[in-house]
file run-v1.txt (compact mmCIF, C-alpha atoms and all ligand atoms)
# COMPACT_ATOMS: atom_id res chain seq x y z
CA MET A 51 152.03 -20.04 123.51
CA LYS A 52 153.10 -17.67 120.77
CA ASN A 53 150.84 -16.91 117.83
CA ALA A 54 151.92 -17.67 114.27
CA PHE A 55 153.16 -14.13 113.69
CA GLU A 56 155.41 -14.04 116.75
CA ALA A 57 156.64 -17.56 116.05
CA ALA A 58 157.65 -16.73 112.46
CA GLY A 59 159.37 -13.56 113.77
CA GLN A 60 161.34 -15.53 116.31
CA TYR A 61 162.58 -18.06 113.76
CA PHE A 62 163.56 -15.18 111.47
CA GLU A 63 165.45 -13.43 114.32
CA GLU A 64 167.48 -16.51 115.11
CA ALA A 65 168.66 -16.91 111.52
CA ALA A 66 169.21 -13.16 111.18
CA SER A 67 171.58 -13.17 114.13
CA VAL A 68 173.56 -16.14 112.76
CA MET A 69 173.86 -14.17 109.49
CA ASP A 70 174.66 -10.92 111.25
CA LEU A 71 171.95 -9.14 109.26
CA SER A 72 171.89 -5.35 109.75
CA PRO A 73 168.88 -3.89 111.64
CA ASN A 74 167.84 -1.97 108.51
CA MET A 75 167.86 -5.06 106.32
CA LYS A 76 165.99 -6.97 109.02
CA LYS A 77 163.27 -4.33 109.09
CA LEU A 78 163.06 -4.26 105.31
CA LEU A 79 162.71 -8.02 105.07
CA LEU A 80 160.11 -8.25 107.82
CA THR A 81 157.82 -5.44 106.64
CA PRO A 82 155.14 -6.55 104.15
CA GLU A 83 154.95 -4.60 100.89
CA ARG A 84 151.15 -4.41 100.86
CA GLU A 85 148.33 -5.49 103.16
CA LEU A 86 144.80 -5.65 101.84
CA LYS A 87 141.74 -6.18 104.02
CA VAL A 88 138.38 -6.22 102.30
CA GLN A 89 134.74 -6.72 103.06
CA VAL A 90 133.29 -9.68 101.17
CA ALA A 91 129.52 -9.25 101.23
CA MET A 92 127.24 -11.75 99.54
CA LYS A 93 123.71 -13.07 99.39
CA LEU A 94 123.13 -16.44 101.05
CA ASP A 95 120.86 -19.04 99.46
CA ASN A 96 118.07 -18.04 101.89
CA GLY A 97 118.19 -14.42 100.69
CA ASN A 98 119.96 -13.02 103.75
CA ILE A 99 123.11 -10.95 103.35
CA ALA A 100 126.30 -12.18 104.98
CA THR A 101 129.55 -10.27 105.42
CA PHE A 102 132.99 -11.81 105.70
CA VAL A 103 136.46 -10.31 106.00
CA GLY A 104 139.02 -11.19 103.33
CA TYR A 105 142.77 -10.61 103.32
CA ARG A 106 145.67 -10.63 100.90
CA ILE A 107 149.09 -9.77 102.29
CA GLN A 108 151.93 -9.37 99.82
CA HIS A 109 155.04 -9.78 101.86
CA ASN A 110 158.02 -9.54 99.51
CA SER A 111 158.64 -9.40 95.75
CA ALA A 112 162.45 -9.09 95.63
CA ARG A 113 162.81 -12.43 93.81
CA GLY A 114 159.72 -12.27 91.58
CA PRO A 115 155.92 -12.12 91.52
CA MET A 116 154.43 -12.93 94.88
CA LYS A 117 153.02 -16.41 95.43
CA GLY A 118 150.94 -18.12 98.06
CA GLY A 119 147.66 -19.77 98.92
CA LEU A 120 144.17 -18.64 99.85
CA ARG A 121 142.84 -20.03 103.11
CA TYR A 122 139.12 -20.28 103.95
CA HIS A 123 139.00 -20.91 107.68
CA HIS A 124 137.26 -19.44 110.70
CA GLU A 125 140.55 -18.58 112.43
CA VAL A 126 141.97 -16.50 109.56
CA ASP A 127 143.09 -13.05 110.73
CA SER A 128 145.66 -10.50 109.64
CA ASP A 129 148.40 -11.73 112.02
CA GLU A 130 148.08 -15.28 110.75
CA VAL A 131 147.98 -14.24 107.10
CA LEU A 132 151.07 -12.06 107.55
CA ALA A 133 152.98 -14.88 109.24
CA LEU A 134 152.00 -17.29 106.46
CA ALA A 135 152.88 -14.70 103.78
CA SER A 136 156.38 -14.34 105.21
CA LEU A 137 156.76 -18.13 105.32
CA MET A 138 155.96 -18.14 101.57
CA THR A 139 158.76 -15.63 100.92
CA TRP A 140 161.31 -17.88 102.62
CA LYS A 141 159.78 -21.07 101.18
CA THR A 142 159.96 -19.98 97.53
CA ALA A 143 163.54 -18.84 98.16
CA VAL A 144 164.57 -22.11 99.86
CA VAL A 145 163.47 -24.13 96.82
CA ASP A 146 164.79 -21.38 94.52
CA LEU A 147 161.61 -20.55 92.61
CA PRO A 148 161.56 -17.11 90.91
CA TYR A 149 158.86 -15.86 93.28
CA GLY A 150 158.25 -13.72 96.33
CA GLY A 151 155.71 -14.53 99.04
CA ALA A 152 152.08 -13.68 99.77
CA LYS A 153 149.06 -15.23 101.46
CA GLY A 154 145.39 -14.53 101.65
CA GLY A 155 142.16 -15.85 102.96
CA ILE A 156 138.65 -15.28 104.21
CA ASN A 157 137.46 -15.68 107.77
CA VAL A 158 134.68 -18.17 107.10
CA ARG A 159 133.65 -21.75 107.90
CA PRO A 160 133.45 -23.15 104.36
CA LYS A 161 131.52 -26.24 105.57
CA ASP A 162 128.66 -23.92 106.60
CA LEU A 163 128.24 -22.69 103.00
CA SER A 164 126.57 -24.43 100.06
CA THR A 165 128.56 -24.91 96.86
CA ASP A 166 126.69 -22.00 95.24
CA GLU A 167 127.47 -19.77 98.22
CA LEU A 168 131.13 -20.74 98.11
CA GLU A 169 131.23 -19.82 94.44
CA ARG A 170 129.58 -16.44 95.04
CA LEU A 171 131.94 -15.77 97.95
CA THR A 172 134.97 -16.53 95.80
CA ARG A 173 133.77 -14.38 92.89
CA LYS A 174 133.02 -11.50 95.26
CA PHE A 175 136.49 -11.81 96.77
CA VAL A 176 138.02 -11.64 93.27
CA ASP A 177 135.97 -8.49 92.56
CA GLU A 178 137.65 -6.83 95.54
CA LEU A 179 141.11 -8.21 94.85
CA HIS A 180 141.73 -8.48 91.11
CA ASP A 181 143.69 -5.23 90.71
CA VAL A 182 146.58 -6.44 92.85
CA ILE A 183 146.61 -10.01 91.40
CA GLY A 184 148.13 -11.21 88.13
CA PRO A 185 150.68 -13.60 86.58
CA ASP A 186 153.45 -11.04 87.01
CA LYS A 187 152.19 -9.55 90.28
CA ASP A 188 150.77 -12.08 92.71
CA ILE A 189 149.51 -15.60 91.99
CA PRO A 190 147.16 -17.26 94.52
CA ALA A 191 146.74 -21.03 94.95
CA PRO A 192 144.85 -23.49 97.18
CA ASP A 193 145.45 -23.71 100.92
CA MET A 194 143.36 -24.96 103.83
CA GLY A 195 139.64 -24.86 102.98
CA THR A 196 140.12 -24.16 99.26
CA ASN A 197 140.69 -26.49 96.31
CA ALA A 198 140.93 -26.77 92.52
CA GLN A 199 137.25 -25.85 92.08
CA VAL A 200 137.73 -22.60 94.03
CA MET A 201 140.76 -21.80 91.84
CA ALA A 202 138.66 -22.43 88.70
CA TRP A 203 136.03 -19.91 89.89
CA PHE A 204 138.84 -17.53 90.80
CA MET A 205 140.34 -17.71 87.30
CA ASN A 206 136.97 -17.35 85.60
CA GLN A 207 136.07 -14.25 87.60
CA TYR A 208 139.53 -12.72 87.15
CA GLU A 209 139.25 -13.19 83.38
CA LYS A 210 136.03 -11.14 83.34
CA PHE A 211 138.18 -8.14 84.22
CA HIS A 212 141.46 -8.95 82.50
CA GLY A 213 140.71 -11.37 79.63
CA PHE A 214 142.24 -14.82 79.08
CA ASN A 215 144.70 -15.34 81.92
CA PRO A 216 145.16 -18.91 83.20
CA ALA A 217 148.48 -18.07 84.89
CA CYS A 218 146.75 -15.67 87.34
CA VAL A 219 146.18 -18.54 89.78
CA THR A 220 147.56 -22.09 90.23
CA GLY A 221 146.17 -25.33 91.58
CA LYS A 222 143.40 -25.29 88.98
CA PRO A 223 141.69 -28.52 87.86
CA ALA A 224 143.82 -30.51 85.39
CA GLU A 225 140.95 -30.15 82.86
CA LEU A 226 141.13 -26.36 83.12
CA TYR A 227 144.78 -25.30 82.75
CA GLY A 228 145.88 -27.04 85.96
CA ALA A 229 149.11 -29.07 86.15
CA GLU A 230 149.00 -32.84 86.36
CA GLY A 231 150.16 -33.81 89.83
CA ARG A 232 149.47 -30.45 91.53
CA GLU A 233 146.93 -31.94 93.92
CA GLU A 234 149.30 -34.63 95.18
CA ALA A 235 152.36 -32.38 95.12
CA THR A 236 152.62 -31.20 98.74
CA GLY A 237 152.10 -34.69 100.16
CA ARG A 238 154.44 -36.23 97.61
CA GLY A 239 157.13 -33.68 98.46
CA VAL A 240 156.69 -34.46 102.17
CA GLY A 241 157.11 -38.16 101.37
CA ILE A 242 160.21 -37.60 99.25
CA LEU A 243 161.89 -35.54 101.99
CA THR A 244 160.88 -37.96 104.76
CA GLN A 245 162.82 -40.60 102.83
CA ALA A 246 165.74 -38.22 102.23
CA LEU A 247 165.96 -37.39 105.95
CA LEU A 248 165.74 -41.03 107.04
CA ARG A 249 168.56 -41.91 104.63
CA LYS A 250 170.84 -39.42 106.41
CA TYR A 251 170.36 -41.52 109.55
CA GLN A 252 170.99 -44.82 107.73
CA ARG A 253 167.28 -45.60 107.80
CA THR A 254 164.67 -46.13 105.10
CA ALA A 255 160.92 -45.65 104.91
CA GLU A 256 160.60 -49.44 104.66
CA GLY A 257 159.21 -50.56 108.01
CA ALA A 258 159.42 -47.10 109.62
CA THR A 259 156.44 -46.33 111.88
CA ILE A 260 154.62 -43.09 111.13
CA ALA A 261 151.82 -41.03 112.71
CA ILE A 262 150.11 -38.38 110.59
CA GLN A 263 147.99 -35.65 112.16
CA GLY A 264 145.50 -34.34 109.57
CA PHE A 265 143.87 -36.26 106.73
CA GLY A 266 143.15 -33.44 104.29
CA ASN A 267 144.94 -32.80 100.99
CA VAL A 268 148.45 -32.96 102.48
CA GLY A 269 147.91 -35.76 105.02
CA THR A 270 146.18 -38.11 102.58
CA PHE A 271 148.77 -37.85 99.82
CA THR A 272 151.60 -38.12 102.36
CA ALA A 273 150.06 -41.30 103.83
CA ASP A 274 149.53 -42.77 100.38
CA TYR A 275 153.09 -42.02 99.22
CA LEU A 276 154.81 -43.29 102.37
CA SER A 277 152.72 -46.45 102.67
CA ARG A 278 153.60 -47.29 99.06
CA ALA A 279 157.25 -46.74 100.02
CA GLY A 280 156.85 -49.49 102.63
CA ALA A 281 156.33 -47.40 105.76
CA LYS A 282 153.83 -48.47 108.41
CA ILE A 283 151.28 -45.68 108.93
CA ILE A 284 150.15 -46.61 112.43
CA ALA A 285 148.01 -43.55 113.17
CA ILE A 286 146.04 -40.93 111.26
CA SER A 287 143.58 -38.29 112.40
CA ASP A 288 141.13 -35.63 111.29
CA VAL A 289 138.66 -33.35 113.07
CA SER A 290 136.65 -36.41 114.15
CA GLY A 291 139.61 -37.81 116.16
CA ALA A 292 142.46 -40.26 115.58
CA ILE A 293 142.74 -43.94 114.60
CA LEU A 294 145.52 -46.23 115.80
CA ASN A 295 146.52 -49.59 114.34
CA ARG A 296 149.94 -50.88 115.38
CA ASP A 297 150.00 -53.36 112.47
CA GLY A 298 149.65 -50.47 110.04
CA ILE A 299 146.47 -48.79 108.84
CA ASP A 300 145.12 -49.86 105.46
CA VAL A 301 145.64 -46.43 103.91
CA ALA A 302 143.71 -47.19 100.71
CA ALA A 303 140.69 -48.28 102.81
CA ALA A 304 140.94 -45.16 105.01
CA LEU A 305 141.13 -42.92 101.92
CA ALA A 306 138.09 -44.59 100.37
CA TYR A 307 136.19 -44.34 103.67
CA ALA A 308 136.97 -40.65 104.19
CA LYS A 309 135.98 -39.90 100.59
CA THR A 310 132.58 -41.58 100.94
CA ASN A 311 131.80 -40.44 104.48
CA GLY A 312 133.40 -37.01 104.60
CA SER A 313 135.57 -37.90 107.61
CA LEU A 314 137.23 -40.82 109.41
CA SER A 315 134.43 -40.93 111.98
CA GLY A 316 133.24 -44.56 112.17
CA PHE A 317 136.21 -46.00 110.24
CA SER A 318 136.77 -49.48 111.64
CA GLY A 319 140.39 -50.04 110.57
CA GLY A 320 141.82 -49.39 114.05
CA GLU A 321 141.06 -48.28 117.59
CA ARG A 322 140.04 -44.71 118.44
CA LEU A 323 142.58 -42.37 119.99
CA SER A 324 142.55 -38.69 120.93
CA ASN A 325 144.39 -36.17 118.77
CA GLU A 326 146.74 -35.46 121.69
CA GLY A 327 147.34 -39.20 122.03
CA LEU A 328 148.46 -39.34 118.40
CA LEU A 329 151.09 -36.65 118.95
CA ALA A 330 152.53 -38.64 121.86
CA LEU A 331 152.79 -42.02 120.10
CA ASP A 332 156.05 -43.95 120.15
CA VAL A 333 156.78 -43.76 116.40
CA ASP A 334 159.80 -43.12 114.22
CA VAL A 335 158.22 -40.19 112.38
CA LEU A 336 155.51 -37.73 113.43
CA ILE A 337 153.96 -35.67 110.63
CA PRO A 338 151.73 -32.73 111.63
CA ALA A 339 149.75 -32.02 108.45
CA ALA A 340 146.91 -29.81 109.62
CA LEU A 341 146.70 -26.53 111.51
CA GLY A 342 149.55 -24.41 112.88
CA GLY A 343 150.58 -24.24 116.54
CA VAL A 344 149.82 -27.88 117.45
CA LEU A 345 153.20 -28.74 119.00
CA THR A 346 153.60 -26.50 122.04
CA GLU A 347 155.53 -26.33 125.30
CA GLU A 348 152.60 -28.15 126.92
CA ASN A 349 152.92 -31.30 124.80
CA ALA A 350 156.49 -31.20 123.40
CA ASN A 351 157.84 -33.28 126.27
CA ASP A 352 155.28 -36.01 125.54
CA VAL A 353 156.40 -36.42 121.93
CA ARG A 354 158.25 -39.71 121.48
CA ALA A 355 158.95 -39.58 117.74
CA LYS A 356 162.57 -39.39 116.57
CA PHE A 357 161.76 -37.22 113.56
CA ILE A 358 159.14 -34.53 113.00
CA ILE A 359 158.29 -33.55 109.44
CA GLU A 360 156.37 -30.26 109.29
CA ALA A 361 153.87 -30.85 106.50
CA ALA A 362 151.64 -28.08 107.93
CA ASN A 363 152.66 -24.43 107.99
CA GLY A 364 153.90 -23.38 111.43
CA PRO A 365 152.91 -26.48 113.44
CA THR A 366 155.70 -26.03 116.04
CA THR A 367 155.91 -23.10 118.46
CA PRO A 368 159.43 -21.78 119.22
CA GLU A 369 159.11 -23.09 122.82
CA ALA A 370 158.34 -26.59 121.55
CA ASP A 371 161.17 -26.28 119.04
CA MET A 372 163.63 -25.57 121.88
CA ILE A 373 162.41 -28.65 123.73
CA PHE A 374 162.86 -30.80 120.61
CA ARG A 375 166.40 -29.50 120.19
CA LYS A 376 167.28 -30.40 123.78
CA ARG A 377 165.72 -33.82 123.34
CA GLU A 378 167.55 -34.29 120.02
CA ILE A 379 164.36 -34.83 118.06
CA VAL A 380 165.12 -33.87 114.46
CA VAL A 381 162.66 -31.38 112.93
CA LEU A 382 162.40 -30.91 109.18
CA PRO A 383 160.98 -27.36 108.89
CA ASP A 384 157.80 -26.36 107.02
CA ILE A 385 159.49 -23.95 104.60
CA LEU A 386 161.36 -26.92 103.15
CA ALA A 387 159.17 -29.93 104.01
CA ASN A 388 155.92 -28.69 102.44
CA ALA A 389 157.39 -26.76 99.50
CA GLY A 390 156.30 -29.43 97.00
CA GLY A 391 152.94 -27.69 96.53
CA VAL A 392 154.30 -24.32 95.52
CA THR A 393 156.95 -26.06 93.39
CA VAL A 394 154.32 -27.73 91.22
CA SER A 395 152.35 -24.45 91.27
CA TYR A 396 155.41 -22.96 89.62
CA PHE A 397 155.41 -25.75 87.00
CA GLU A 398 151.74 -24.99 86.34
CA TRP A 399 152.42 -21.26 85.90
CA VAL A 400 155.30 -22.02 83.52
CA GLN A 401 153.08 -24.32 81.42
CA ASN A 402 150.27 -21.74 81.35
CA GLN A 403 152.66 -19.05 80.11
CA GLN A 404 154.09 -21.36 77.44
CA TYR A 405 150.76 -22.87 76.28
CA PHE A 406 152.42 -26.24 76.78
CA ARG A 407 151.53 -29.29 78.89
CA TRP A 408 153.83 -31.61 80.79
CA ASP A 409 152.76 -35.17 81.55
CA LEU A 410 152.57 -36.49 85.13
CA GLU A 411 155.88 -38.29 84.80
CA ARG A 412 157.72 -35.07 83.98
CA VAL A 413 156.03 -33.16 86.82
CA ARG A 414 157.01 -35.87 89.31
CA GLU A 415 160.56 -36.03 88.01
CA GLU A 416 161.06 -32.25 88.23
CA LEU A 417 159.44 -32.15 91.68
CA GLU A 418 161.80 -34.82 92.95
CA LYS A 419 164.79 -32.92 91.53
CA THR A 420 163.78 -29.61 93.12
CA MET A 421 162.97 -31.13 96.51
CA SER A 422 166.13 -33.27 96.69
CA ARG A 423 168.41 -30.45 95.56
CA SER A 424 166.91 -28.08 98.15
CA PHE A 425 167.13 -30.70 100.91
CA ASP A 426 170.82 -31.36 100.13
CA LYS A 427 171.56 -27.65 100.22
CA VAL A 428 169.84 -27.13 103.60
CA TRP A 429 171.44 -30.26 105.02
CA SER A 430 174.98 -29.26 104.05
CA LEU A 431 174.45 -25.73 105.38
CA ALA A 432 173.29 -27.20 108.70
CA VAL A 433 176.34 -29.49 108.88
CA GLU A 434 178.79 -26.77 107.80
CA LYS A 435 177.53 -24.14 110.25
CA ARG A 436 176.54 -26.60 113.00
CA ILE A 437 172.99 -25.30 113.14
CA HIS A 438 169.58 -26.95 113.17
CA LEU A 439 167.74 -27.66 109.93
CA ARG A 440 165.20 -24.90 110.55
CA THR A 441 167.87 -22.27 111.05
CA ALA A 442 169.70 -23.54 107.97
CA ALA A 443 166.55 -23.30 105.85
CA TYR A 444 165.88 -19.75 107.06
CA LEU A 445 169.51 -18.84 106.44
CA LEU A 446 169.26 -20.06 102.86
CA GLY A 447 165.91 -18.35 102.24
CA ILE A 448 166.71 -15.04 103.90
CA GLY A 449 170.15 -14.98 102.26
CA ARG A 450 168.66 -15.37 98.78
CA VAL A 451 165.99 -12.71 99.35
CA GLY A 452 168.56 -10.36 100.92
CA ARG A 453 170.96 -10.73 98.01
CA ALA A 454 168.20 -10.13 95.44
CA THR A 455 167.21 -7.00 97.34
CA VAL A 456 170.75 -5.65 97.37
CA LEU A 457 171.38 -6.53 93.70
CA GLY A 458 168.14 -4.95 92.54
CA GLY A 459 168.70 -1.86 94.69
CA ILE A 460 166.07 0.10 96.56
N1 LIG B 501 149.27 -23.05 100.10
C1 LIG B 501 150.45 -23.78 99.72
C2 LIG B 501 151.60 -23.43 100.65
O1 LIG B 501 151.40 -23.03 101.78
C3 LIG B 501 150.78 -23.63 98.25
C4 LIG B 501 151.03 -22.24 97.77
C5 LIG B 501 151.16 -22.13 96.27
O2 LIG B 501 151.10 -23.13 95.58
O3 LIG B 501 151.33 -21.00 95.81
O4 LIG B 501 152.75 -23.63 100.33
call {"tool": "encode", "arguments": {"input": "run-v1.txt", "output": "structure tokens", "more": "lines below"}}
Ligand code: GLU
result
Amino acid sequence: MKNAFEAAGQYFEEAASVMDLSPNMKKLLLTPERELKVQVAMKLDNGNIATFVGYRIQHNSARGPMKGGLRYHHEVDSDEVLALASLMTWKTAVVDLPYGGAKGGINVRPKDLSTDELERLTRKFVDELHDVIGPDKDIPAPDMGTNAQVMAWFMNQYEKFHGFNPACVTGKPAELYGAEGREEATGRGVGILTQALLRKYQRTAEGATIAIQGFGNVGTFTADYLSRAGAKIIAISDVSGAILNRDGIDVAAALAYAKTNGSLSGFSGGERLSNEGLLALDVDVLIPAALGGVLTEENANDVRAKFIIEAANGPTTPEADMIFRKREIVVLPDILANAGGVTVSYFEWVQNQQYFRWDLERVREELEKTMSRSFDKVWSLAVEKRIHLRTAAYLLGIGRVGRATVLGGI
């Protein structure tokens, strides 16, 4: 199995060869502009000192300030952050936001820390990082293990150095310069594009059977959106395992249960199933919405879904992708499928800079426009060039970044 960094490189290579990109341009587009690795030392509640490693990798700024999330997870390392930073560069280009790409994170298990410790950790990270961050430089946002509260601490600490600056970070609470609809945005975007893809195959979400792996921010809002659109969510999962109900899971009940109990463990709305079992279910649509690298050459032949929507970043290894192509399983790639989050981050940044607020209706309307327009563009490129959707998305993203680079000059 390839790691995230090699996988992202391989997808890039494939598109680069279709485009006939020169070796020099390839090297330029693959090399990150800046890589920061810092020690984040802090006092724990019990008085002991703990040390964590934090990263921020700024991959490319040809199209604008760099943009991308902050991940707090125990598997964060520089290879993963670089791969995710490059995905942000192509993602912002695919949906045509005036941004480059970056990613950051801390190698930590956030569940092991108290709320106070998490706050101190975040503030300490900002102390190490603030010089390279800013509304016109690099704008972080939530990712796995971080949320609106972490972004609020981030902004507050950043402002201690630089003064009033809400646009230095996105995904903030709606009560503190955040955009309405930012929290739901990634899942909503996944839902909108699931419908768009099904329509291309003369299908609708109504009655479609769906399995969702991951019940965090993205998985929950995806499940909610698609069940309201009439789809049957027959399986969901989180770290505690998976739940199967062939008549359709009561998504509202599952959401309420997970909120009260912290996980789906003990939820009685279906039978228990292993996480691997969920990936192999006979469904119309499979939506990986958790970690990367979950669909591999070991399990790709067991997948029975007709469509895979990559709500997570990098859930499919290149080997698994090849198997899906041979088996004619349609894959909607991450850099398009989950771009709803960064799209509404952009709306938040715009509102912060203009001291103006949009209502939820306007955010949803603009999100739908951006996602649908980008989907249509990738779809027609795939049809025109007879390539898969992933290659088409990379082609569009790399092409836009490449042209900006050439126009701006070195
Ligand atoms: N972490 C999200 C992503 O992977 C959102 C990034 C952002 O809003 O800047 O796309």
call {"tool": "residues_near_ligand", "arguments": {"input": "run-v1.txt", "ligand": "ligand LIG 501 (chain B)", "cutoff": "9 Å", "atoms": "only C-alpha atoms and all ligand atoms", "output": "count of residues only"}}
result
39
call {"tool": "residues_around", "arguments": {"input": "run-v1.txt", "residues": "Phe204 of chain A", "least_positions_apart": "2", "cutoff": "12 Å", "atoms": "only C-alpha atoms", "output": "ChimeraX atom specification"}}
result
/A:120,168-180,183-184,189-192,196-202,206-211,215-223,226
call {"tool": "residues_around", "arguments": {"input": "run-v1.txt", "residues": "Ser422 of chain A", "least_positions_apart": "2", "cutoff": "10 Å", "atoms": "all atoms listed in the file", "output": "PyMOL selection string"}}
result
chain A and resi 145+239+242-243+246+416-420+424-428
call {"tool": "closest_residue", "arguments": {"input": "run-v1.txt", "among": "A:Trp203, A:Phe357, A:Phe214, A:Trp399", "to": "Pro185 of chain A", "atoms": "all atoms listed in the file"}}
result
A:Trp399
call {"tool": "atom_distance", "arguments": {"input": "run-v1.txt", "atom1": "atom CA of Ser313 of chain A", "atom2": "atom CA of Leu331 of chain A"}}
result
21.7 Å
call {"tool": "atom_distance", "arguments": {"input": "run-v1.txt", "atom1": "atom CA of Asp352 of chain A", "atom2": "atom CA of Leu328 of chain A"}}
result
10.4 Å
call {"tool": "atom_distance", "arguments": {"input": "run-v1.txt", "atom1": "atom CA of Ser277 of chain A", "atom2": "atom CA of Ala432 of chain A"}}
result
28.8 Å
call {"tool": "residues_near_point", "arguments": {"input": "run-v1.txt", "point": "(171.6, -17.5, 114.6)", "cutoff": "10 Å", "atoms": "all atoms listed in the file", "output": "PDB file with C-alpha atoms, in the coordinates of the input"}}
result
ATOM      1  CA  TYR A  61     162.580 -18.060 113.760  1.00  0.00           C
ATOM      2  CA  PHE A  62     163.560 -15.180 111.470  1.00  0.00           C
ATOM      3  CA  GLU A  63     165.450 -13.430 114.320  1.00  0.00           C
ATOM      4  CA  GLU A  64     167.480 -16.510 115.110  1.00  0.00           C
ATOM      5  CA  ALA A  65     168.660 -16.910 111.520  1.00  0.00           C
ATOM      6  CA  ALA A  66     169.210 -13.160 111.180  1.00  0.00           C
ATOM      7  CA  SER A  67     171.580 -13.170 114.130  1.00  0.00           C
ATOM      8  CA  VAL A  68     173.560 -16.140 112.760  1.00  0.00           C
ATOM      9  CA  MET A  69     173.860 -14.170 109.490  1.00  0.00           C
ATOM     10  CA  ASP A  70     174.660 -10.920 111.250  1.00  0.00           C
ATOM     11  CA  LEU A  71     171.950  -9.140 109.260  1.00  0.00           C
ATOM     12  CA  LYS A 435     177.530 -24.140 110.250  1.00  0.00           C
ATOM     13  CA  ILE A 437     172.990 -25.300 113.140  1.00  0.00           C
ATOM     14  CA  HIS A 438     169.580 -26.950 113.170  1.00  0.00           C
ATOM     15  CA  THR A 441     167.870 -22.270 111.050  1.00  0.00           C
ATOM     16  CA  ALA A 442     169.700 -23.540 107.970  1.00  0.00           C
ATOM     17  CA  TYR A 444     165.880 -19.750 107.060  1.00  0.00           C
ATOM     18  CA  LEU A 445     169.510 -18.840 106.440  1.00  0.00           C
TER      19      LEU A 445
END
call {"tool": "residues_around", "arguments": {"input": "run-v1.txt", "residues": "Ile286 of chain A", "least_positions_apart": "4", "cutoff": "8 Å", "atoms": "all atoms listed in the file", "output": "ChimeraX atom specification"}}
result
/A:261-265,292-294,328
call {"tool": "residues_around", "arguments": {"input": "run-v1.txt", "residues": "Ala304 of chain A", "least_positions_apart": "6", "cutoff": "8 Å", "atoms": "all atoms listed in the file", "output": "PyMOL selection string"}}
result
chain A and resi 314+317+319
call {"tool": "closest_residue", "arguments": {"input": "run-v1.txt", "among": "A:Val380, A:Ser324, A:Thr272, A:Met421", "to": "Ser290 of chain A", "atoms": "all atoms listed in the file"}}
result
A:Ser324
call {"tool": "closest_residue", "arguments": {"input": "run-v1.txt", "among": "A:Gln60, A:Ala303, A:Val433, A:Thr81", "to": "Thr366 of chain A", "atoms": "all atoms listed in the file"}}
result
A:Gln60
call {"tool": "closest_residue", "arguments": {"input": "run-v1.txt", "among": "A:Ser72, A:Val456, A:Asn325, A:Lys309", "to": "Ala340 of chain A", "atoms": "only C-alpha atoms"}}
result
A:Asn325
call {"tool": "residues_around", "arguments": {"input": "run-v1.txt", "residues": "Phe271 of chain A", "least_positions_apart": "3", "cutoff": "7 Å", "atoms": "only C-alpha atoms", "output": "list of chain:residue names"}}
result
A:Glu234, A:Gly237, A:Arg238, A:Asn267, A:Val268, A:Asp274, A:Tyr275
call {"tool": "closest_residue", "arguments": {"input": "run-v1.txt", "among": "A:Ala58, A:Ile107, A:Arg113, A:Gly343", "to": "Gly452 of chain A", "atoms": "all atoms listed in the file"}}
result
A:Arg113
call {"tool": "closest_residue", "arguments": {"input": "run-v1.txt", "among": "A:Ile156, A:His124, A:Glu167, A:Leu79", "to": "Lys93 of chain A", "atoms": "all atoms listed in the file"}}
result
A:Glu167
call {"tool": "residues_near_point", "arguments": {"input": "run-v1.txt", "point": "(163.6, -31.3, 123.0)", "cutoff": "12 Å", "atoms": "only C-alpha atoms", "output": "PyMOL selection string"}}
result
chain A and resi 345-347+349-358+366+368-381
call {"tool": "axis_aligned_box", "arguments": {"input": "run-v1.txt", "around": "segment 211-223 of chain A", "padding_each_side": "6 Å", "output": "AutoDock Vina command-line options"}}
result
--center_x 143.3 --center_y -18.3 --center_z 85.3 --size_x 22.3 --size_y 32.4 --size_z 24.5
call {"tool": "build_atoms", "arguments": {"input": "run-v1.txt", "residues": "segment 194-199 of chain A", "atoms": "N, CA, C and O atoms", "output": "compact mmCIF listing (two decimals), keeping the file's coordinate frame"}}
result
# COMPACT_ATOMS: atom_id res chain seq x y z
N MET A 194 144.39 -24.32 103.02
CA MET A 194 143.36 -24.96 103.83
C MET A 194 141.96 -24.40 103.49
O MET A 194 141.78 -23.18 103.44
N GLY A 195 141.02 -25.29 103.23
CA GLY A 195 139.64 -24.86 102.98
C GLY A 195 139.36 -24.45 101.54
O GLY A 195 138.22 -24.10 101.21
N THR A 196 140.36 -24.46 100.68
CA THR A 196 140.12 -24.16 99.26
C THR A 196 140.69 -25.31 98.42
O THR A 196 141.50 -26.09 98.89
N ASN A 197 140.26 -25.38 97.16
CA ASN A 197 140.69 -26.49 96.31
C ASN A 197 140.68 -26.08 94.84
O ASN A 197 140.50 -24.89 94.52
N ALA A 198 140.85 -27.05 93.96
CA ALA A 198 140.93 -26.77 92.52
C ALA A 198 139.67 -26.08 92.01
O ALA A 198 139.74 -25.18 91.16
N GLN A 199 138.50 -26.48 92.53
CA GLN A 199 137.25 -25.85 92.08
C GLN A 199 137.24 -24.35 92.42
O GLN A 199 136.85 -23.51 91.60
